[in-house]
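Participant: Next comes the structure file input-v9.txt, holding compact mmCIF, C-alpha atoms.
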```txt
# COMPACT_ATOMS: atom_id res chain seq x y z
CA MET W 1 -25.26 -2.65 -32.03
CA VAL W 2 -26.29 -1.56 -28.55
CA ASN W 3 -23.83 0.18 -26.24
CA PRO W 4 -21.87 -2.70 -24.64
CA ILE W 5 -20.92 -0.62 -21.61
CA LYS W 6 -23.90 0.43 -19.54
CA LYS W 7 -22.36 0.25 -16.10
CA ILE W 8 -18.78 1.15 -15.22
CA MET W 9 -17.14 0.72 -11.83
CA VAL W 10 -13.88 2.43 -10.93
CA TYR W 11 -11.90 1.12 -7.99
CA ILE W 12 -10.48 3.85 -5.75
CA ASP W 13 -7.81 2.99 -3.17
CA GLY W 14 -6.29 6.33 -2.26
CA THR W 15 -3.39 6.13 -4.69
CA GLU W 16 -2.66 8.65 -7.44
CA GLN W 17 -3.11 5.85 -9.94
CA SER W 18 -6.66 5.24 -8.79
CA VAL W 19 -7.53 8.94 -9.05
CA THR W 20 -6.20 8.89 -12.62
CA ALA W 21 -8.37 5.84 -13.25
CA ALA W 22 -11.35 7.81 -11.93
CA GLN W 23 -10.64 10.68 -14.35
CA TYR W 24 -10.52 8.22 -17.22
CA ALA W 25 -13.72 6.53 -16.07
CA ILE W 26 -15.46 9.91 -15.90
CA CYS W 27 -14.45 10.61 -19.52
CA LEU W 28 -15.60 7.16 -20.57
CA ALA W 29 -18.95 7.46 -18.78
CA SER W 30 -19.46 10.90 -20.24
CA PHE W 31 -18.90 9.69 -23.81
CA SER W 32 -20.74 6.38 -23.49
CA GLY W 33 -23.61 7.51 -21.28
CA ALA W 34 -22.84 4.64 -18.93
CA GLU W 35 -23.66 4.73 -15.24
CA LEU W 36 -20.53 5.19 -13.10
CA ILE W 37 -19.90 3.73 -9.67
CA ALA W 38 -16.84 4.76 -7.65
CA TYR W 39 -15.94 2.00 -5.21
CA TYR W 40 -13.61 2.06 -2.21
CA VAL W 41 -12.97 -0.97 -0.01
CA ILE W 42 -11.86 -0.59 3.58
CA ASN W 43 -9.36 -3.40 3.82
CA THR W 44 -10.46 -4.79 7.17
CA ARG W 45 -8.97 -8.16 6.20
CA ALA W 46 -5.47 -6.66 6.05
CA ILE W 47 -5.99 -4.82 9.33
CA GLU W 48 -7.05 -8.08 10.99
CA ASP W 49 -3.99 -9.82 9.52
CA LEU W 50 -1.75 -7.10 10.95
CA LEU W 51 -3.32 -7.54 14.37
CA LYS W 52 -2.81 -11.31 14.17
CA ALA W 53 0.81 -10.79 13.10
CA ARG W 54 1.14 -8.38 16.05
CA ILE W 55 2.37 -5.62 13.79
CA PHE W 56 -0.69 -3.70 15.04
CA PHE W 57 -2.05 -3.62 18.57
CA GLN W 58 -5.77 -3.33 19.29
CA ASP W 59 -6.01 0.45 19.65
CA GLU W 60 -3.91 0.88 16.54
CA GLN W 61 -6.22 -1.42 14.59
CA ASN W 62 -9.19 0.72 15.61
CA GLU W 63 -7.32 3.91 14.76
CA TYR W 64 -6.38 2.68 11.27
CA GLU W 65 -9.92 1.49 10.63
CA ARG W 66 -11.21 4.97 11.50
CA ASP W 67 -8.53 6.51 9.28
CA MET W 68 -9.50 4.27 6.38
CA GLU W 69 -13.15 5.13 6.88
CA ALA W 70 -12.25 8.82 6.69
CA ASP W 71 -10.00 8.23 3.66
CA SER W 72 -12.81 6.36 1.96
CA LYS W 73 -15.20 9.28 2.37
CA ARG W 74 -12.57 11.81 1.35
CA TYR W 75 -11.51 10.00 -1.83
CA LEU W 76 -15.07 9.13 -2.87
CA ASN W 77 -16.10 12.74 -2.33
CA TYR W 78 -13.11 13.89 -4.34
CA VAL W 79 -14.02 11.63 -7.26
CA ASN W 80 -17.60 12.83 -6.97
CA GLU W 81 -16.37 16.43 -7.26
CA LEU W 82 -14.29 15.51 -10.31
CA ALA W 83 -17.41 14.06 -11.91
CA MET W 84 -19.66 16.96 -10.93
CA LYS W 85 -17.22 19.41 -12.51
CA LYS W 86 -17.92 17.63 -15.78
CA GLY W 87 -21.66 17.54 -15.23
CA LEU W 88 -21.73 13.85 -14.41
CA SER W 89 -23.35 12.23 -11.42
CA ILE W 90 -21.79 9.13 -9.95
CA ILE W 91 -22.73 6.56 -7.34
CA LYS W 92 -20.37 6.41 -4.37
CA LYS W 93 -20.04 2.99 -2.85
CA GLN W 94 -18.01 1.69 0.08
CA GLY W 95 -17.19 -1.91 0.94
CA ARG W 96 -15.38 -3.61 3.82
CA GLY W 97 -13.40 -6.82 3.94
CA SER W 98 -10.98 -8.51 1.58
CA VAL W 99 -10.47 -6.03 -1.27
CA HIS W 100 -10.32 -8.34 -4.27
CA ARG W 101 -13.27 -10.41 -3.05
CA GLU W 102 -15.38 -7.34 -2.36
CA ILE W 103 -14.61 -5.94 -5.81
CA ALA W 104 -15.50 -9.23 -7.48
CA ASN W 105 -18.74 -9.56 -5.48
CA THR W 106 -19.79 -5.99 -6.22
CA VAL W 107 -19.09 -6.44 -9.93
CA ASP W 108 -21.50 -9.38 -9.91
CA GLN W 109 -24.12 -7.79 -7.67
CA GLU W 110 -24.21 -4.52 -9.61
CA GLY W 111 -24.00 -6.12 -13.05
CA ILE W 112 -20.90 -4.13 -13.96
CA ASP W 113 -19.83 -4.25 -17.62
CA LEU W 114 -16.41 -2.69 -17.17
CA LEU W 115 -14.08 -2.40 -14.17
CA VAL W 116 -11.61 0.49 -14.38
CA VAL W 117 -8.44 0.36 -12.25
CA GLY W 118 -5.23 2.33 -11.90
CA GLU W 119 -1.88 1.31 -13.31
CA LEU W 120 -0.19 -1.67 -11.69
CA SER W 121 3.43 -1.89 -10.69
CA ARG W 122 5.77 -2.15 -13.68
CA ILE W 123 8.21 -4.15 -11.59
CA ARG W 124 7.50 -7.82 -11.71
CA SER W 125 8.14 -10.24 -8.92
CA ARG W 126 7.76 -13.96 -9.14
CA ARG W 127 6.65 -13.98 -5.53
CA ASP W 128 2.91 -14.51 -5.12
CA GLU W 129 2.93 -12.28 -2.04
CA PHE W 130 3.50 -9.30 -4.29
CA TYR W 131 0.28 -9.75 -6.22
CA ASP W 132 -1.50 -6.75 -4.79
CA GLU W 133 -5.24 -6.51 -4.24
CA THR W 134 -5.91 -4.74 -7.53
CA GLU W 135 -4.07 -7.45 -9.44
CA ARG W 136 -5.98 -10.16 -7.60
CA ALA W 137 -9.26 -8.38 -8.39
CA ILE W 138 -8.36 -8.18 -12.08
CA ARG W 139 -7.85 -11.93 -12.14
CA MET W 140 -11.02 -12.65 -10.19
CA VAL W 141 -13.76 -10.42 -11.64
CA ASN W 142 -16.25 -11.68 -14.20
CA CYS W 143 -16.28 -8.50 -16.31
CA SER W 144 -13.84 -6.83 -18.66
CA VAL W 145 -11.14 -4.69 -17.04
CA LEU W 146 -9.51 -1.48 -18.19
CA ILE W 147 -6.11 -0.60 -16.71
CA VAL W 148 -5.53 3.14 -16.98
CA LYS W 149 -2.00 4.39 -17.76
CA ASP W 150 -0.32 7.72 -18.56
CA GLN W 151 -1.37 10.17 -15.85
CA ASP W 152 -0.55 13.29 -17.91
CA LYS W 153 -2.47 12.18 -20.97
CA VAL W 154 -5.51 11.22 -18.87
CA TRP W 155 -5.41 14.58 -17.07
CA GLU W 156 -5.42 16.39 -20.42
CA MET W 157 -8.31 14.26 -21.61
CA TYR W 158 -10.24 14.95 -18.42
CA GLU W 159 -9.53 18.69 -18.59
CA SER W 160 -10.66 18.88 -22.19
CA LEU W 161 -13.98 17.26 -21.35
CA GLY W 162 -16.73 19.86 -21.77
CA MET X 1 2.17 2.38 -5.09
CA ALA X 2 2.86 -1.29 -4.56
CA LEU X 3 5.41 -2.54 -2.03
CA ILE X 4 7.62 -3.93 -4.80
CA ASP X 5 7.92 -0.39 -6.26
CA LEU X 6 9.53 0.80 -3.03
CA ILE X 7 12.26 -1.82 -2.97
CA LYS X 8 15.50 -0.54 -4.44
CA GLU X 9 19.14 -0.78 -3.43
CA GLU X 10 19.27 2.76 -2.04
CA ILE X 11 16.84 2.00 0.80
CA ILE X 12 18.58 -1.19 1.90
CA LYS X 13 21.46 -1.42 4.34
CA ILE X 14 23.31 -4.62 5.03
CA PRO X 15 24.73 -5.12 7.57
CA LEU X 16 23.33 -2.68 10.10
CA VAL X 17 26.01 -1.55 12.54
CA SER X 18 23.82 -0.60 15.52
CA ASN X 19 23.94 -2.36 18.86
CA ASP X 20 20.62 -1.46 20.42
CA LYS X 21 17.06 -0.37 19.66
CA PRO X 22 17.43 3.44 19.73
CA GLU X 23 20.54 3.18 17.55
CA VAL X 24 18.91 0.91 14.99
CA ILE X 25 15.89 3.21 14.66
CA ARG X 26 18.25 6.12 13.98
CA GLU X 27 20.18 4.05 11.48
CA LEU X 28 16.99 3.08 9.60
CA VAL X 29 15.74 6.66 9.45
CA GLN X 30 19.18 7.76 8.27
CA ILE X 31 18.93 5.30 5.35
CA LEU X 32 15.92 7.26 4.09
CA VAL X 33 17.72 10.59 4.54
CA ASP X 34 20.76 9.30 2.63
CA ALA X 35 18.50 7.96 -0.14
CA GLY X 36 16.88 11.40 -0.47
CA GLU X 37 13.49 9.97 0.54
CA ILE X 38 12.98 12.21 3.58
CA SER X 39 14.48 15.47 4.78
CA ASP X 40 13.16 15.92 8.32
CA PHE X 41 15.17 13.34 10.25
CA ASP X 42 14.05 14.55 13.69
CA ALA X 43 10.33 14.61 12.92
CA VAL X 44 10.40 11.07 11.54
CA LEU X 45 12.55 9.78 14.40
CA LYS X 46 10.09 11.26 16.92
CA SER X 47 7.09 9.64 15.18
CA VAL X 48 8.79 6.23 15.07
CA HIS X 49 9.68 6.42 18.77
CA GLU X 50 6.16 7.52 19.71
CA ARG X 51 4.77 4.42 18.04
CA GLU X 52 7.43 2.13 19.54
CA ASP X 53 6.69 3.51 23.02
CA LYS X 54 3.13 2.18 22.77
CA GLN X 55 4.19 -1.36 21.84
CA SER X 56 7.36 -2.75 20.39
CA THR X 57 7.21 -3.76 16.73
CA GLY X 58 9.86 -6.39 17.36
CA LEU X 59 7.98 -9.54 16.35
CA GLU X 60 9.04 -13.16 16.50
CA GLU X 61 11.70 -15.05 14.57
CA GLY X 62 14.02 -12.09 14.09
CA ILE X 63 11.59 -9.73 12.34
CA ALA X 64 10.89 -6.11 13.28
CA VAL X 65 8.46 -3.80 11.49
CA PRO X 66 8.75 -0.32 12.98
CA HIS X 67 6.15 1.89 11.36
CA CYS X 68 4.26 5.11 11.87
CA LYS X 69 2.25 7.86 10.25
CA SER X 70 4.18 11.05 9.73
CA ASN X 71 3.44 14.45 8.23
CA ALA X 72 7.08 14.51 7.13
CA VAL X 73 6.25 12.24 4.19
CA SER X 74 3.68 12.54 1.42
CA THR X 75 3.98 9.03 0.01
CA LEU X 76 4.88 5.62 1.41
CA LYS X 77 8.53 5.22 2.43
CA LEU X 78 10.34 2.00 3.21
CA ALA X 79 13.80 1.30 4.57
CA ILE X 80 15.15 -2.22 4.99
CA GLY X 81 17.99 -3.06 7.33
CA ILE X 82 19.55 -6.46 7.86
CA ALA X 83 21.64 -7.39 10.85
CA PRO X 84 22.78 -11.03 10.54
CA GLN X 85 24.30 -10.76 14.03
CA GLY X 86 20.93 -9.77 15.55
CA ILE X 87 20.03 -6.67 17.58
CA ASP X 88 17.91 -6.51 20.73
CA PHE X 89 14.68 -4.79 19.64
CA ASN X 90 12.50 -5.77 22.60
CA SER X 91 10.89 -8.48 20.50
CA LEU X 92 7.89 -10.63 21.42
CA ASP X 93 9.93 -13.82 21.73
CA GLY X 94 12.90 -12.13 23.34
CA LYS X 95 15.16 -13.12 20.46
CA PRO X 96 17.35 -10.57 18.67
CA SER X 97 15.91 -9.05 15.50
CA LYS X 98 17.74 -9.52 12.23
CA ILE X 99 15.45 -8.10 9.52
CA PHE X 100 14.01 -4.62 9.93
CA PHE X 101 11.34 -2.99 7.78
CA LEU X 102 10.79 0.69 8.57
CA MET X 103 7.55 1.85 6.96
CA LEU X 104 6.37 5.46 6.98
CA ALA X 105 3.16 6.85 5.55
CA SER X 106 1.35 10.13 5.34
CA PRO X 107 -1.65 10.27 7.73
CA ASN X 108 -4.07 10.42 4.79
CA GLN X 109 -2.67 7.29 3.13
CA SER X 110 -3.88 4.68 5.56
CA GLY X 111 -5.16 2.36 2.82
CA PRO X 112 -1.85 1.97 0.95
CA HIS X 113 -0.01 1.90 4.31
CA VAL X 114 -2.08 -1.01 5.61
CA ALA X 115 -1.80 -2.84 2.27
CA ALA X 116 2.01 -2.52 2.24
CA LEU X 117 2.34 -3.67 5.86
CA ALA X 118 0.09 -6.63 5.10
CA GLU X 119 2.34 -7.58 2.18
CA ILE X 120 5.35 -7.51 4.51
CA ALA X 121 3.46 -9.66 7.02
CA LYS X 122 2.78 -12.20 4.26
CA LEU X 123 6.37 -12.21 3.04
CA VAL X 124 8.00 -12.81 6.40
CA ARG X 125 5.89 -15.89 7.04
CA SER X 126 8.31 -17.70 4.73
CA LYS X 127 11.36 -18.89 6.64
CA ALA X 128 13.19 -19.57 3.39
CA PHE X 129 12.61 -15.97 2.30
CA CYS X 130 13.81 -14.59 5.63
CA ASN X 131 16.90 -16.83 5.57
CA ALA X 132 17.68 -15.64 2.05
CA LEU X 133 17.53 -12.02 3.23
CA ILE X 134 19.73 -12.67 6.26
CA SER X 135 22.35 -14.43 4.17
CA ALA X 136 22.33 -11.84 1.36
CA GLU X 137 25.79 -10.36 0.80
CA ASN X 138 24.61 -6.97 -0.38
CA ALA X 139 21.62 -4.74 -1.20
CA ARG X 140 21.54 -5.96 -4.78
CA LYS X 141 21.03 -9.52 -3.62
CA VAL X 142 18.23 -8.37 -1.32
CA VAL X 143 16.41 -6.70 -4.22
CA LYS X 144 16.81 -9.89 -6.26
CA THR X 145 15.38 -11.93 -3.40
CA PHE X 146 12.32 -9.69 -3.24
CA ARG X 147 11.79 -9.99 -6.98
CA GLY X 148 12.12 -13.75 -6.81
CA ASP X 149 15.01 -13.77 -9.31
```
Can you dump the structure from the file as structure tokens?
Facilitator:
Amino acid sequence: MVNPIKKIMVYIDGTEQSVTAAQYAICLASFSGAELIAYYVINTRAIEDLLKARIFFQDEQNEYERDMEADSKRYLNYVNELAMKKGLSIIKKQGRGSVHREIANTVDQEGIDLLVVGELSRIRSRRDEFYDETERAIRMVNCSVLIVKDQDKVWEMYESLG
Amino acid sequence: MALIDLIKEEIIKIPLVSNDKPEVIRELVQILVDAGEISDFDAVLKSVHEREDKQSTGLEEGIAVPHCKSNAVSTLKLAIGIAPQGIDFNSLDGKPSKIFFLMLASPNQSGPHVAALAEIAKLVRSKAFCNALISAENARKVVKTFRGD
């Protein structure tokens, strides 16, 4: 049987959970020999919604967009460093727009075999509004999805990687 | 961290007792101090006021979403205050505000901050949801309303 996972994409959103997901993805790529893409989406859709709702004003919208751009670079560089420490090279990729749609589109465009994401909230709400972008992406993508849990265990696994 | 993870009884106060905007901001920040979520009351208060001075976050239909970035926090913080009687918060429609969401974020957490604020914006579009919050008898009921129980 051929390796079913040739291309992995890990979604990074600036949360601890997504960094843990990146560590797991690095381990997985290292063992499987798969190509690894780290993907961050600047949620311009949410910023526009906040401007429309008047929670943000124009200058604030611009400021947050710049901040998110900087966060994107910082977190992608951080994940890149994590990979380089383990002798792995990754592809850093940045998107803009509606997060779940951008993830789904990129999965299709890049021919991703496995999407890796951080742990979701353990608290359930019956309200649709609480389906966050990661959860929406999980439902929408056309590839298999791995949800990474247990930060301590993943850290140990990452640290033990040669 | 998702917005739903932040919602717990300790960060909810109902009813708020303040009578005006400066008082209600203090009361909201104090909720987070009492809940052990923040320790630097003055730094947070200053950041919230600096943002409010640029443009009021008092929206329409009784909703206010004061928010700011602050070095006094390392993760997202949320306080919810409900004032069924309404408090003047210099809102867009001139009506008194009844539901207050105070959201704080570290300056390097703009992504999660924006996502959480966007979730609040979506939630408060529902009049039925807002009415349920305003008529809640206590913090427990508010949590239940958020969870859709």
Participant: Extract, using all atoms listed in the file, all DNA, RNA and protein residues at most 9 Å from Asn19 (chain X), discarding same-chain residues fewer than 6 positions from it, and format them as a list in words.
Facilitator: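 Here the qualifying residues turn out to be Gly86, Ile87 and Asp88 of chain X.
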Participant: Using all atoms listed in the file and a cut-off of 6 Å, which residues of chain X sit close to chain W? Please list them as an mmCIF file with C-alpha atoms, keeping the file's coordinate frame.
Facilitator:
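Contents of the output file iface17.cif:
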```cif
data_model
loop_
_atom_site.group_PDB
_atom_site.id
_atom_site.type_symbol
_atom_site.label_atom_id
_atom_site.label_comp_id
_atom_site.auth_asym_id
_atom_site.auth_seq_id
_atom_site.Cartn_x
_atom_site.Cartn_y
_atom_site.Cartn_z
ATOM 1 C CA THR X 57 7.210 -3.760 16.730
ATOM 2 C CA SER X 110 -3.880 4.680 5.560
ATOM 3 C CA GLY X 111 -5.160 2.360 2.820
ATOM 4 C CA ALA X 118 0.090 -6.630 5.100
ATOM 5 C CA ARG X 147 11.790 -9.990 -6.980
ATOM 6 C CA GLY X 148 12.120 -13.750 -6.810
#
```
Participant: List the spatial neighbours of Val33 (chain X) as a list in words - criterion: any atom at most 12 Å away, all atoms listed in the file, same-chain residues fewer than 4 positions off excluded.
Facilitator: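 Counting all atoms listed in the file, the residues come to Glu10, Ile11, Arg26, Glu27, Leu28, Val29, Glu37, Ile38, Ser39, Asp40, Phe41, Asp42, Ala43, Val44, Leu45, Ala72, Val73, Lys77, Leu78 and Ala79 of chain X.
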Participant: Need to verify the contact set: region 124-133 of chain X, 10 Å, only C-alpha atoms, exclusion of same-chain residues closer than 6 positions in sequence. Can you return it as a PyMOL selection string?
Facilitator: (chain W and resi 53+129) or (chain X and resi 14+61-63+81-84+98-99+139+141-146+148)
Participant: With a distance cut-off of 10 Å and only C-alpha atoms, select the neighbouring residues of Met84 (chain W), excluding the residue or stretch itself and same-chain residues fewer than 6 positions from it, and output the selection as an NGL selection string.
Facilitator: :W and (26 or 78 or 90)
Participant: My list of candidates is X:Thr75, X:Ser47, X:Gln55, X:Asn90. Which is closest to Asp5 (chain X) when distances are computed with only C-alpha atoms?
Facilitator: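 Of X:Thr75, X:Ser47, X:Gln55, X:Asn90, the one nearest Asp5 (chain X), counting only C-alpha atoms, is X:Thr75.
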Participant: I need the residue nearest Leu102 (chain X) from this list: X:Asp53, X:Gln85, X:Val114, X:Val48. Use all atoms listed in the file for the distance.
Facilitator: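 Smallest separation from Leu102 (chain X) among the options: X:Val48.
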Participant: Could you jot down the CA of Ile12 (chain X) to CA of Ile80 (chain X) separation for me, Å, one decimal place?
Facilitator: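 So the two atoms, CA of Ile12 (chain X) and CA of Ile80 (chain X), lie 4.7 Å apart.
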Participant: So the first atom is CA of Gly58 (chain X) and the second is CA of Pro96 (chain X); what is the distance between them in Å, to one decimal place?
Facilitator: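 Taking CA of Gly58 (chain X) as the start and CA of Pro96 (chain X) as the end point, the length is 8.7 Å.
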Participant: Would you mind reading off the distance between CA of Ala25 (chain W) and CA of Gly97 (chain W), one decimal, in Å?
Facilitator: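 We find that CA of Ala25 (chain W) and CA of Gly97 (chain W) lie 24.1 Å from each other.
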Participant: Can you tell me, as a PyMOL selection string, what residues are no more than 9 Å from region 8-10 of chain W when counting all atoms listed in the file, ignoring any on the same chain fewer than 5 positions away?
Facilitator: chain W and resi 18+21-22+25+28-29+34-40+107+112-118
Participant: Tell me which residues come within 8 Å of (8.8, -10.7, 23.3), as a VMD selection string, counting only C-alpha atoms in the file's coordinates.
Facilitator: chain X and resid 58 to 60 90 to 95
Participant: Could you check which of X:Ile134, X:Leu117, X:Leu32, X:Ile25 is closest to Glu9 (chain X), using all atoms listed in the file?
Facilitator: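 Residue with the minimum atom-to-atom distance to Glu9 (chain X): X:Leu32.
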